[in-house]
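For reference, upload.csv is printed below; it contains CSV, C-alpha atoms.
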chain,number,residue,atom,x,y,z
A,1,MET,CA,0.0,0.0,0.0
A,2,GLY,CA,3.0,2.3,-0.4
A,3,ASP,CA,1.3,4.6,-2.9
A,4,THR,CA,-2.2,4.1,-1.8
A,5,PRO,CA,-3.9,7.3,-0.4
A,6,ARG,CA,-4.3,7.2,3.3
A,7,CYS,CA,-8.0,7.5,3.1
A,8,VAL,CA,-8.3,4.1,1.6
A,9,ARG,CA,-6.9,2.6,4.8
A,10,TRP,CA,-9.7,4.3,6.8
A,11,PHE,CA,-12.6,3.2,4.7
A,12,VAL,CA,-12.9,0.3,2.3
A,13,ALA,CA,-15.9,-1.1,0.4
A,14,GLY,CA,-16.9,-4.5,1.7
A,15,SER,CA,-18.5,-6.2,4.7
A,16,CYS,CA,-16.5,-8.2,7.2
A,17,GLN,CA,-16.0,-8.4,10.9
A,18,GLY,CA,-14.2,-10.5,13.4
A,19,THR,CA,-10.8,-11.4,14.8
A,20,TRP,CA,-7.8,-12.3,12.7
A,21,GLU,CA,-4.8,-14.5,13.6
A,22,ARG,CA,-2.3,-12.9,16.0
A,23,GLY,CA,-5.0,-10.9,17.7
A,24,TRP,CA,-5.8,-8.5,14.8
A,25,LYS,CA,-9.4,-7.3,15.2
A,26,LEU,CA,-11.6,-6.1,12.4
A,27,GLN,CA,-14.8,-4.0,12.8
A,28,HIS,CA,-17.0,-2.5,10.1
A,29,LEU,CA,-19.8,0.0,10.2
A,30,GLU,CA,-22.2,1.0,7.4
A,31,LEU,CA,-23.5,4.6,7.4
A,32,LYS,CA,-25.5,6.3,4.6
A,33,GLY,CA,-24.4,3.6,2.1
A,34,ILE,CA,-20.7,4.0,3.0
A,35,THR,CA,-18.8,1.1,4.6
A,36,LEU,CA,-16.0,2.0,7.0
A,37,ILE,CA,-13.6,-0.7,8.2
A,38,VAL,CA,-11.1,-0.5,11.0
A,39,LEU,CA,-8.3,-3.0,11.8
A,40,SER,CA,-6.7,-3.0,15.2
A,41,SER,CA,-3.8,-4.9,16.7
A,42,GLU,CA,-4.3,-3.5,20.2
A,43,GLU,CA,-4.8,-6.3,22.7
A,44,GLY,CA,-8.3,-6.2,24.3
A,45,THR,CA,-9.8,-3.6,22.0
A,46,SER,CA,-13.5,-3.7,22.5
A,47,GLU,CA,-16.2,-3.6,19.8
A,48,LEU,CA,-17.7,-0.5,21.5
A,49,ARG,CA,-14.3,1.3,21.1
A,50,LEU,CA,-14.0,0.4,17.4
A,51,GLU,CA,-17.6,1.2,16.6
A,52,ARG,CA,-17.4,4.6,18.1
A,53,LEU,CA,-14.1,5.3,16.4
A,54,LEU,CA,-15.7,4.5,13.1
A,55,GLN,CA,-18.6,6.9,14.0
A,56,MET,CA,-16.1,9.6,14.7
A,57,VAL,CA,-14.2,9.0,11.5
A,58,PHE,CA,-17.5,9.2,9.5
A,59,GLY,CA,-18.5,12.4,11.4
A,60,ALA,CA,-15.1,14.0,10.6
A,61,MET,CA,-15.4,13.3,6.9
A,62,VAL,CA,-19.0,14.8,6.8
A,63,LEU,CA,-17.8,17.7,9.0
A,64,LEU,CA,-15.1,18.7,6.5
A,65,VAL,CA,-16.4,17.4,3.1
A,66,GLY,CA,-20.2,17.3,3.4
A,67,LEU,CA,-22.5,14.3,3.1
A,68,GLU,CA,-23.4,15.0,-0.5
A,69,GLU,CA,-19.8,14.7,-1.6
A,70,LEU,CA,-19.5,11.4,0.2
A,71,THR,CA,-22.7,9.7,-0.9
A,72,ASN,CA,-23.0,11.0,-4.4
A,73,ILE,CA,-19.4,10.6,-5.7
A,74,ARG,CA,-19.0,12.3,-9.1
A,75,ASN,CA,-15.2,12.3,-9.2
A,76,VAL,CA,-13.1,9.9,-7.1
A,77,GLU,CA,-9.9,11.8,-7.4
A,78,ARG,CA,-11.6,15.0,-6.4
A,79,LEU,CA,-13.0,13.3,-3.3
A,80,LYS,CA,-9.6,11.9,-2.3
A,81,LYS,CA,-8.2,15.4,-2.6
A,82,GLU,CA,-11.0,16.9,-0.5
A,83,LEU,CA,-10.7,14.2,2.2
A,84,ARG,CA,-7.1,15.4,2.9
A,85,ALA,CA,-8.7,18.1,5.0
A,86,SER,CA,-9.9,15.5,7.4
A,87,TYR,CA,-6.5,13.6,7.8
A,88,CYS,CA,-5.3,15.6,10.8
A,89,LEU,CA,-8.5,15.2,12.6
A,90,ILE,CA,-8.8,11.5,11.9
A,91,ASP,CA,-5.2,10.9,12.9
A,92,SER,CA,-5.9,12.5,16.2
A,93,PHE,CA,-8.5,9.8,16.9
A,94,LEU,CA,-6.0,7.0,16.0
A,95,GLY,CA,-3.2,8.0,18.3
A,96,ASP,CA,-3.2,8.4,22.1
A,97,PRO,CA,-5.7,11.3,22.4
A,98,GLU,CA,-5.8,13.3,25.6
A,99,LEU,CA,-9.5,13.9,25.1
A,100,ILE,CA,-12.1,11.2,25.6
A,101,GLY,CA,-15.2,12.5,23.8
A,102,ASP,CA,-14.5,10.2,20.8
A,103,LEU,CA,-15.3,7.3,23.1
A,104,THR,CA,-17.9,8.7,25.5
A,105,GLN,CA,-19.8,10.8,22.9
A,106,CYS,CA,-19.8,13.6,25.4
A,107,VAL,CA,-18.1,17.0,25.1
A,108,ASP,CA,-14.7,17.3,26.8
A,109,CYS,CA,-15.0,20.3,29.3
A,110,VAL,CA,-12.9,22.0,32.0
A,111,ILE,CA,-13.7,23.8,35.2
A,112,PRO,CA,-12.3,27.4,35.0
A,113,PRO,CA,-11.5,29.2,38.2
A,114,GLU,CA,-13.7,32.2,37.4
A,115,GLY,CA,-16.3,30.6,35.2
A,116,SER,CA,-19.1,33.1,35.9
A,117,LEU,CA,-16.9,36.0,34.7
A,118,LEU,CA,-16.0,34.2,31.5
A,119,GLN,CA,-19.5,33.1,30.8
A,120,GLU,CA,-20.8,36.7,31.2
A,121,ALA,CA,-18.1,38.0,28.8
A,122,LEU,CA,-18.9,35.2,26.3
A,123,SER,CA,-22.6,36.0,26.3
A,124,GLY,CA,-21.9,39.7,25.8
A,125,PHE,CA,-19.4,39.0,23.0
A,126,ALA,CA,-22.0,36.7,21.3
A,127,GLU,CA,-24.6,39.4,21.5
A,128,ALA,CA,-22.2,42.1,20.1
A,129,THR,CA,-21.3,39.9,17.1
A,130,GLY,CA,-24.9,38.7,16.5
A,131,THR,CA,-23.9,35.1,16.8
A,132,VAL,CA,-25.8,32.4,18.8
A,133,PHE,CA,-23.1,29.7,18.7
A,134,VAL,CA,-20.0,30.8,20.6
A,135,SER,CA,-17.5,28.9,22.8
A,136,LEU,CA,-14.2,29.4,24.5
A,137,VAL,CA,-11.9,26.4,23.9
A,138,VAL,CA,-8.6,25.4,25.5
A,139,SER,CA,-6.6,22.5,23.9
A,140,GLY,CA,-9.8,21.0,22.4
A,141,ARG,CA,-11.9,21.3,25.7
A,142,VAL,CA,-14.8,23.7,26.2
A,143,VAL,CA,-14.2,26.3,28.9
A,144,ALA,CA,-17.5,28.1,28.5
A,145,ALA,CA,-20.2,28.3,25.8
A,146,THR,CA,-23.5,30.0,24.9
A,147,GLU,CA,-26.8,28.1,25.2
A,148,GLY,CA,-26.9,27.9,21.4
A,149,TRP,CA,-23.6,26.2,21.3
A,150,TRP,CA,-24.6,23.7,24.0
A,151,ARG,CA,-27.7,22.8,21.9
A,152,LEU,CA,-25.6,21.5,19.0
A,153,GLY,CA,-26.3,17.9,18.3
A,154,MET,CA,-23.9,14.9,18.3
A,155,PRO,CA,-21.4,14.4,16.8
A,156,GLU,CA,-20.6,18.0,15.9
A,157,ALA,CA,-20.7,19.1,19.6
A,158,VAL,CA,-17.7,16.8,20.2
A,159,LEU,CA,-16.1,17.3,16.8
A,160,LEU,CA,-15.9,21.1,16.6
A,161,PRO,CA,-13.7,21.7,19.7
A,162,TRP,CA,-11.7,18.6,18.9
A,163,LEU,CA,-11.1,20.0,15.4
A,164,VAL,CA,-9.9,23.3,16.8
A,165,GLY,CA,-7.6,21.6,19.2
A,166,SER,CA,-6.1,19.5,16.4
A,167,LEU,CA,-5.3,22.3,13.9
A,168,PRO,CA,-1.9,24.1,13.8
A,169,PRO,CA,-1.8,27.4,15.8
A,170,GLN,CA,-3.2,30.4,13.9
A,171,ALA,CA,-4.3,33.9,15.0
A,172,ALA,CA,-7.6,33.6,13.2
A,173,ARG,CA,-9.5,31.2,10.9
A,174,ASP,CA,-12.5,31.2,8.7
A,175,TYR,CA,-13.1,27.5,8.2
A,176,PRO,CA,-16.0,25.9,6.2
A,177,VAL,CA,-17.7,23.1,8.1
A,178,TYR,CA,-20.8,20.9,7.8
A,179,LEU,CA,-22.8,19.7,10.8
A,180,PRO,CA,-23.1,15.9,10.5
A,181,HIS,CA,-26.4,16.0,12.5
A,182,GLY,CA,-27.8,19.5,12.0
A,183,SER,CA,-26.7,20.5,8.5
A,184,PRO,CA,-24.8,17.7,6.7
A,185,THR,CA,-25.3,19.2,3.2
A,186,VAL,CA,-25.2,23.0,3.8
A,187,PRO,CA,-21.9,24.4,5.0
A,188,HIS,CA,-21.5,26.8,7.9
A,189,ARG,CA,-18.5,29.0,8.9
A,190,LEU,CA,-16.3,28.2,11.9
A,191,LEU,CA,-14.5,31.3,12.9
A,192,THR,CA,-11.7,31.1,15.5
A,193,LEU,CA,-9.7,33.8,17.2
A,194,THR,CA,-6.7,33.0,19.4
A,195,LEU,CA,-6.8,35.0,22.7
A,196,LEU,CA,-3.8,33.2,24.2
A,197,PRO,CA,-1.7,30.2,23.1
A,198,SER,CA,-4.1,27.1,22.9
A,199,LEU,CA,-7.0,29.3,24.1
A,200,GLU,CA,-9.4,30.2,21.3
A,201,LEU,CA,-12.8,31.8,20.7
A,202,CYS,CA,-15.0,29.8,18.4
A,203,LEU,CA,-18.0,31.1,16.5
A,204,LEU,CA,-20.3,29.0,14.3
A,205,CYS,CA,-22.2,31.2,11.9
A,206,GLY,CA,-23.6,31.7,8.4
A,207,PRO,CA,-22.4,34.4,5.8
A,208,SER,CA,-22.1,37.0,8.6
A,209,PRO,CA,-20.3,38.4,10.4
A,210,PRO,CA,-17.1,38.7,8.3
A,211,LEU,CA,-13.9,37.7,10.1
A,212,SER,CA,-12.6,41.3,9.6
A,213,GLN,CA,-15.5,42.6,11.7
A,214,LEU,CA,-14.1,40.7,14.8
A,215,GLY,CA,-11.2,43.1,15.1
A,216,ALA,CA,-8.9,44.1,17.9
A,217,GLN,CA,-11.4,46.7,19.2
A,218,LEU,CA,-14.1,44.2,19.9
A,219,LEU,CA,-11.7,41.7,21.5
A,220,GLU,CA,-10.2,44.3,23.7
A,221,ARG,CA,-13.6,45.5,24.9
A,222,TRP,CA,-14.7,42.0,26.0
A,223,TRP,CA,-11.5,40.1,26.8
A,224,GLN,CA,-8.7,42.5,27.8
A,225,PRO,CA,-10.3,43.1,31.2
A,226,LEU,CA,-10.3,39.3,31.8
A,227,LEU,CA,-6.6,38.6,30.9
A,228,ASP,CA,-5.8,37.0,34.3
A,229,PRO,CA,-8.9,34.7,34.3
A,230,LEU,CA,-8.0,33.7,30.7
A,231,ARG,CA,-4.4,33.0,31.7
A,232,ALA,CA,-5.7,30.8,34.5
A,233,CYS,CA,-7.4,28.6,31.8
A,234,LEU,CA,-4.2,27.6,30.1
A,235,PRO,CA,-3.2,24.8,32.5
A,236,LEU,CA,-6.7,23.4,32.3
A,237,GLY,CA,-5.9,21.8,28.9
A,238,PRO,CA,-4.4,18.6,30.4
A,239,ARG,CA,-5.6,19.1,33.9
A,240,ALA,CA,-9.3,20.0,33.5
A,241,LEU,CA,-9.6,21.0,37.1
A,242,PRO,CA,-8.2,24.3,38.6
A,243,GLU,CA,-5.1,24.3,40.8
A,244,GLY,CA,-5.9,23.4,44.4
A,245,PHE,CA,-9.2,21.6,43.6
A,246,PRO,CA,-9.8,19.3,46.6
A,247,LEU,CA,-9.2,15.8,45.4
A,248,HIS,CA,-8.1,12.8,47.5
A,249,THR,CA,-4.4,12.1,47.0
A,250,ASP,CA,-5.1,8.5,46.0
A,251,ILE,CA,-6.8,9.6,42.8
A,252,LEU,CA,-4.6,9.1,39.8
A,253,GLY,CA,-7.2,9.9,37.2
A,254,LEU,CA,-10.9,10.5,36.8
A,255,LEU,CA,-13.7,10.6,34.3
A,256,LEU,CA,-17.0,12.3,35.2
A,257,LEU,CA,-19.9,12.2,32.7
A,258,ASN,CA,-23.2,14.0,32.8
A,259,LEU,CA,-25.3,11.8,30.4
A,260,GLU,CA,-28.1,14.3,30.2
A,261,LEU,CA,-26.0,17.3,29.3
A,262,LYS,CA,-23.6,15.1,27.2
A,263,ARG,CA,-20.6,16.7,28.8
A,264,CYS,CA,-17.6,15.1,30.6
A,265,LEU,CA,-14.5,15.9,32.6
A,266,PHE,CA,-11.4,13.8,32.0
A,267,THR,CA,-8.0,14.2,33.7
A,268,VAL,CA,-5.0,12.0,34.5
A,269,GLN,CA,-3.0,14.7,36.2
A,270,PRO,CA,-4.3,15.0,39.8
A,271,SER,CA,-1.1,13.4,41.1
A,272,GLY,CA,1.3,13.8,38.2
A,273,ASN,CA,4.5,12.6,39.8
A,274,LYS,CA,3.3,9.0,40.5
A,275,GLU,CA,3.2,5.8,38.5
A,276,PRO,CA,1.6,4.9,36.1
A,277,SER,CA,2.4,7.4,33.3
A,278,PRO,CA,-0.3,9.7,32.0
A,279,GLU,CA,-0.5,7.6,28.8
A,280,GLN,CA,-1.1,4.4,30.9
A,281,ARG,CA,-3.7,6.2,33.0
A,282,ARG,CA,-5.6,7.3,29.9
A,283,HIS,CA,-5.4,3.8,28.5
A,284,LEU,CA,-6.6,2.2,31.8
A,285,LEU,CA,-9.6,4.6,32.2
A,286,ARG,CA,-10.6,4.3,28.6
A,287,ASN,CA,-10.6,0.5,28.8
A,288,PHE,CA,-12.5,0.6,32.1
A,289,TYR,CA,-15.1,3.0,30.6
A,290,THR,CA,-15.8,0.5,27.7
A,291,LEU,CA,-16.1,-2.3,30.2
A,292,VAL,CA,-18.5,-0.4,32.5
A,293,THR,CA,-20.6,0.9,29.6
A,294,SER,CA,-20.8,-2.5,27.9
A,295,THR,CA,-21.4,-4.6,31.0
A,296,TYR,CA,-22.5,-2.7,34.2
A,297,PHE,CA,-24.0,0.7,33.2
A,298,PRO,CA,-25.6,0.1,29.8
A,299,PRO,CA,-27.3,3.1,28.1
A,300,GLU,CA,-30.8,4.1,29.1
A,301,PRO,CA,-33.5,2.2,27.1
A,302,GLY,CA,-35.9,3.9,24.8
A,303,ALA,CA,-39.5,4.7,25.8
A,304,SER,CA,-40.8,1.4,24.4
A,305,GLU,CA,-38.2,-0.6,26.3
A,306,LYS,CA,-38.5,1.0,29.7
A,307,ALA,CA,-41.6,-0.8,30.9
A,308,GLU,CA,-40.4,-4.1,29.7
A,309,ASP,CA,-36.9,-3.7,31.2
A,310,ALA,CA,-37.9,-1.9,34.5
A,311,GLY,CA,-37.6,-5.1,36.6
A,312,HIS,CA,-34.3,-6.0,35.1
A,313,ARG,CA,-32.8,-2.5,35.3
A,314,SER,CA,-33.8,-2.2,39.0
A,315,GLN,CA,-31.2,-5.0,39.6
A,316,LEU,CA,-28.3,-3.4,37.8
A,317,PRO,CA,-25.4,-2.3,40.0
A,318,ARG,CA,-24.8,1.3,40.8
A,319,ALA,CA,-21.1,0.8,41.6
A,320,CYS,CA,-18.3,-1.6,40.6
A,321,TYR,CA,-14.6,-1.8,41.0
A,322,LEU,CA,-11.6,-3.8,39.8
A,323,VAL,CA,-8.1,-4.4,41.1
A,324,LEU,CA,-5.7,-4.4,38.2
A,325,GLY,CA,-2.9,-6.9,38.2
A,326,PRO,CA,-0.8,-8.9,38.5
A,327,GLY,CA,1.9,-6.9,40.0
A,328,MET,CA,0.2,-3.5,39.5
A,329,GLY,CA,-2.4,-3.1,42.2
A,330,TRP,CA,-4.0,0.0,40.8
A,331,GLN,CA,-7.7,0.1,41.3
A,332,VAL,CA,-10.6,1.4,39.3
A,333,VAL,CA,-14.0,2.2,40.6
A,334,ALA,CA,-17.2,3.4,38.9
A,335,LEU,CA,-20.3,4.9,40.5
A,336,GLN,CA,-23.5,6.0,38.9
A,337,LEU,CA,-25.9,8.4,40.5
A,338,GLY,CA,-28.8,9.8,38.5
A,339,PRO,CA,-27.5,11.1,35.1
A,340,ARG,CA,-23.9,11.2,36.3
A,341,GLN,CA,-21.2,8.5,36.1
A,342,LEU,CA,-17.8,8.8,37.8
A,343,LEU,CA,-14.8,6.6,37.1
A,344,LEU,CA,-11.7,6.8,39.2
A,345,LEU,CA,-8.2,5.3,38.9
A,346,LEU,CA,-6.7,4.9,42.3
A,347,SER,CA,-3.3,4.1,43.8
A,348,PRO,CA,-2.7,0.6,45.3
A,349,GLN,CA,-2.7,1.9,48.9
A,350,SER,CA,-6.3,3.1,48.7
A,351,PRO,CA,-8.3,0.6,50.9
A,352,THR,CA,-10.8,-1.5,49.0
A,353,HIS,CA,-13.5,-1.1,51.7
A,354,GLY,CA,-13.4,2.7,51.2
A,355,LEU,CA,-13.6,2.8,47.4
A,356,ARG,CA,-17.4,3.5,47.3
A,357,ALA,CA,-17.2,6.2,49.9
A,358,LEU,CA,-14.3,7.9,48.2
A,359,ALA,CA,-16.1,7.8,44.8
A,360,THR,CA,-19.3,9.2,46.4
A,361,HIS,CA,-17.5,12.0,48.1
A,362,THR,CA,-15.7,12.9,44.9
A,363,LEU,CA,-18.9,12.8,42.9
A,364,HIS,CA,-20.6,15.2,45.3
A,365,ALA,CA,-17.7,17.6,45.2
A,366,LEU,CA,-17.8,17.7,41.3
A,367,THR,CA,-21.6,17.7,40.9
A,368,PRO,CA,-22.0,21.5,41.1
A,369,PHE,CA,-19.7,22.0,38.1
A,370,LEU,CA,-21.2,19.4,35.7

Structure encoded using structure tokens:
Amino acid sequence: MGDTPRCVRWFVAGSCQGTWERGWKLQHLELKGITLIVLSSEEGTSELRLERLLQMVFGAMVLLVGLEELTNIRNVERLKKELRASYCLIDSFLGDPELIGDLTQCVDCVIPPEGSLLQEALSGFAEATGTVFVSLVVSGRVVAATEGWWRLGMPEAVLLPWLVGSLPPQAARDYPVYLPHGSPTVPHRLLTLTLLPSLELCLLCGPSPPLSQLGAQLLERWWQPLLDPLRACLPLGPRALPEGFPLHTDILGLLLLNLELKRCLFTVQPSGNKEPSPEQRRHLLRNFYTLVTSTYFPPEPGASEKAEDAGHRSQLPRACYLVLGPGMGWQVVALQLGPRQLLLLLSPQSPTHGLRALATHTLHALTPFL
């Protein structure tokens, strides 16, 4: 495949699924008449992980090319050329992403130290520009957003900040995008303005306003007075939580999901100087999430299924834990309370009998923010 375009490795016509020799796993997904195939050599990769990866890849292609171009192919060479715009975004799903929205289908968020001030400025800026869909994004995570932005459907709500975080730094952009759920055939404009390195304003709009209208005067009016709160957002990229947030010292990583709001907090840096490495922590939490979602906390049933499954679901566990081994001793615990799920990665010295109490205390501490 030396001269084969990269896109051919991502989606191939055909229909097959299963596990090959030597542990290679194959998964396919058909959407809108397009068959996507992913081949993974990672040990223990779940079908849930591969299926959601394919959904994100398809969403990325629609986001940057449009559904019409994908489903009504007039010129194959032209489509290959246009798909190059999605390479960077798709590659970010295939590596070791610091975000987790690709798997959880929830928007990666952070907790800013002065969130109310930033939210007020964001709303004022949106009104001044006549734009309903505005967000403040740090390293692909949403710091604050307007109500209009939060109403975006899936997968664009996850894809748009992820796209911004995957692009090379630029002072301003005027980027054409399609909305895979809301507008798959009619393009919108994604405008971005860099306030500080890795901290960007994002506006989703139609033909207006022009990028030139969002000049220095408008930015200075709304954001210059908030320079210190904006600077405080920069470390939130990898950390998600503000400095000094009260977390137990045994916590090595956490994932909090609000399944109603479709938002999540994900960090592996509460105790950054301990083993395992951040990459291992992300891997362990992602694997535990797929296990929990597939086995213990399945998605809520539809209306027609609720009455039939009420008795069964009343017996489902609200908490579970695992001790990872051999020789590691790290522990993972999951707790579900209402629309929220909390997953924790804990150090070996954390006593097993106290896992549920620790998870409950942490969930209550984080609930006001998500």

Interatomic distance between CA of Ala121 in chain A and CA of Leu226 in chain A?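 Answer for the CA of Ala121 in chain A to CA of Leu226 in chain A separation: 8.5 Å.
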
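Between Leu261 in chain A and the candidates A:Lys274, A:Lys32, A:Arg356, A:Arg151, the tightest atom-to-atom separation, counting all atoms listed in the file, involves A:Arg151.
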
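When CA of Glu127 in chain A is paired with CA of Ala145 in chain A, their separation reads 12.7 Å.
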
For Leu94 in chain A, the nearest of the candidates A:Ile251, A:Val57, A:Leu345, A:Leu26, counting only C-alpha atoms: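 Under the stated criterion, the closest residue is A:Val57.
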
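For the set A:Val62, A:Leu370, A:Ala144, A:Leu322, the residue with the smallest atom-to-atom gap to Leu255 in chain A is A:Leu370, counting only C-alpha atoms.
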
Neighbourhood query: residues within 12 Å of (-0.6, -2.1, 39.2), file coordinates, counting all atoms listed in the file; return as a list in words. Leu252, Lys274, Glu275, Pro276, Ser277, Gln280, Arg281, Leu284, Leu322, Val323, Leu324, Gly325, Pro326, Gly327, Met328, Gly329, Trp330, Gln331, Val332, Leu345, Leu346, Ser347, Pro348 and Gln349 of chain A

All residues 12 Å or closer to Glu220 in chain A, only C-alpha atoms, same chain fewer than 5 positions away omitted, as a list of chain:residue names: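 Returned residues: A:Ala121, A:Phe125, A:Leu195, A:Leu214, A:Gly215, A:Pro225, A:Leu226, A:Leu227.
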
Writer output for current selection, C-alpha atoms, as an mmCIF file, keeping the file's coordinate frame:
data_model
loop_
_atom_site.group_PDB
_atom_site.id
_atom_site.type_symbol
_atom_site.label_atom_id
_atom_site.label_comp_id
_atom_site.auth_asym_id
_atom_site.auth_seq_id
_atom_site.Cartn_x
_atom_site.Cartn_y
_atom_site.Cartn_z
ATOM 1 C CA ALA A 121 -18.100 38.000 28.800
ATOM 2 C CA PHE A 125 -19.400 39.000 23.000
ATOM 3 C CA LEU A 195 -6.800 35.000 22.700
ATOM 4 C CA LEU A 214 -14.100 40.700 14.800
ATOM 5 C CA GLY A 215 -11.200 43.100 15.100
ATOM 6 C CA PRO A 225 -10.300 43.100 31.200
ATOM 7 C CA LEU A 226 -10.300 39.300 31.800
ATOM 8 C CA LEU A 227 -6.600 38.600 30.900
#

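Proximity to Pro210 in chain A at 10 Å, evaluated using all atoms listed in the file and with sequence-adjacent residues fewer than 2 positions away removed, yields Thr129, Asp174, Arg189, Leu191, Cys205, Gly206, Pro207, Ser208, Ser212, Gln213 and Leu214 of chain A.
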
Which residue gives the smallest distance to Leu64 in chain A among A:Val38, A:Leu29, A:Val186, A:Ile111, with only C-alpha atoms counted?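 For Leu64 in chain A, the nearest of the candidates is A:Val186.
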
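Each of A:Leu203, A:Arg239, A:Thr194, A:Val292 was checked against Pro176 in chain A using all atoms listed in the file; the smallest atom-to-atom distance is that of A:Leu203.
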
If I take CA of Glu147 in chain A and CA of Leu118 in chain A, how far is one from the other in Å, to one decimal? 13.9 Å

With 12 Å as the threshold, what does the neighbourhood of (-19.3, -5.7, 31.4) contain in terms of residues, counting all atoms listed in the file? Coordinates are those of the file; answer as a ChimeraX atom specification. /A:46,48,287-298,316-317,320-322,334

Write only C-alpha atoms for range 145-187 of chain A from the block just shown, as a tab-separated table (two decimals), in the first residue's frame.
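Written out: part.tsv:
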chain	number	residue	atom	x	y	z
A	145	ALA	CA	-20.22	28.27	25.78
A	146	THR	CA	-23.47	29.96	24.91
A	147	GLU	CA	-26.77	28.12	25.23
A	148	GLY	CA	-26.91	27.92	21.45
A	149	TRP	CA	-23.57	26.15	21.31
A	150	TRP	CA	-24.64	23.66	23.98
A	151	ARG	CA	-27.73	22.84	21.89
A	152	LEU	CA	-25.58	21.53	19.02
A	153	GLY	CA	-26.28	17.87	18.30
A	154	MET	CA	-23.92	14.94	18.26
A	155	PRO	CA	-21.38	14.37	16.83
A	156	GLU	CA	-20.64	18.01	15.91
A	157	ALA	CA	-20.71	19.10	19.56
A	158	VAL	CA	-17.71	16.80	20.15
A	159	LEU	CA	-16.06	17.26	16.76
A	160	LEU	CA	-15.90	21.07	16.56
A	161	PRO	CA	-13.74	21.71	19.68
A	162	TRP	CA	-11.71	18.60	18.86
A	163	LEU	CA	-11.07	20.00	15.37
A	164	VAL	CA	-9.94	23.35	16.79
A	165	GLY	CA	-7.55	21.58	19.16
A	166	SER	CA	-6.08	19.46	16.35
A	167	LEU	CA	-5.30	22.34	13.95
A	168	PRO	CA	-1.91	24.10	13.82
A	169	PRO	CA	-1.83	27.39	15.79
A	170	GLN	CA	-3.21	30.36	13.89
A	171	ALA	CA	-4.26	33.85	14.99
A	172	ALA	CA	-7.61	33.63	13.18
A	173	ARG	CA	-9.45	31.20	10.92
A	174	ASP	CA	-12.51	31.21	8.70
A	175	TYR	CA	-13.14	27.50	8.24
A	176	PRO	CA	-16.03	25.93	6.25
A	177	VAL	CA	-17.70	23.08	8.11
A	178	TYR	CA	-20.80	20.94	7.77
A	179	LEU	CA	-22.77	19.75	10.78
A	180	PRO	CA	-23.14	15.94	10.52
A	181	HIS	CA	-26.39	16.01	12.53
A	182	GLY	CA	-27.77	19.51	12.04
A	183	SER	CA	-26.68	20.49	8.54
A	184	PRO	CA	-24.82	17.72	6.67
A	185	THR	CA	-25.28	19.21	3.19
A	186	VAL	CA	-25.19	23.00	3.76
A	187	PRO	CA	-21.88	24.42	5.02
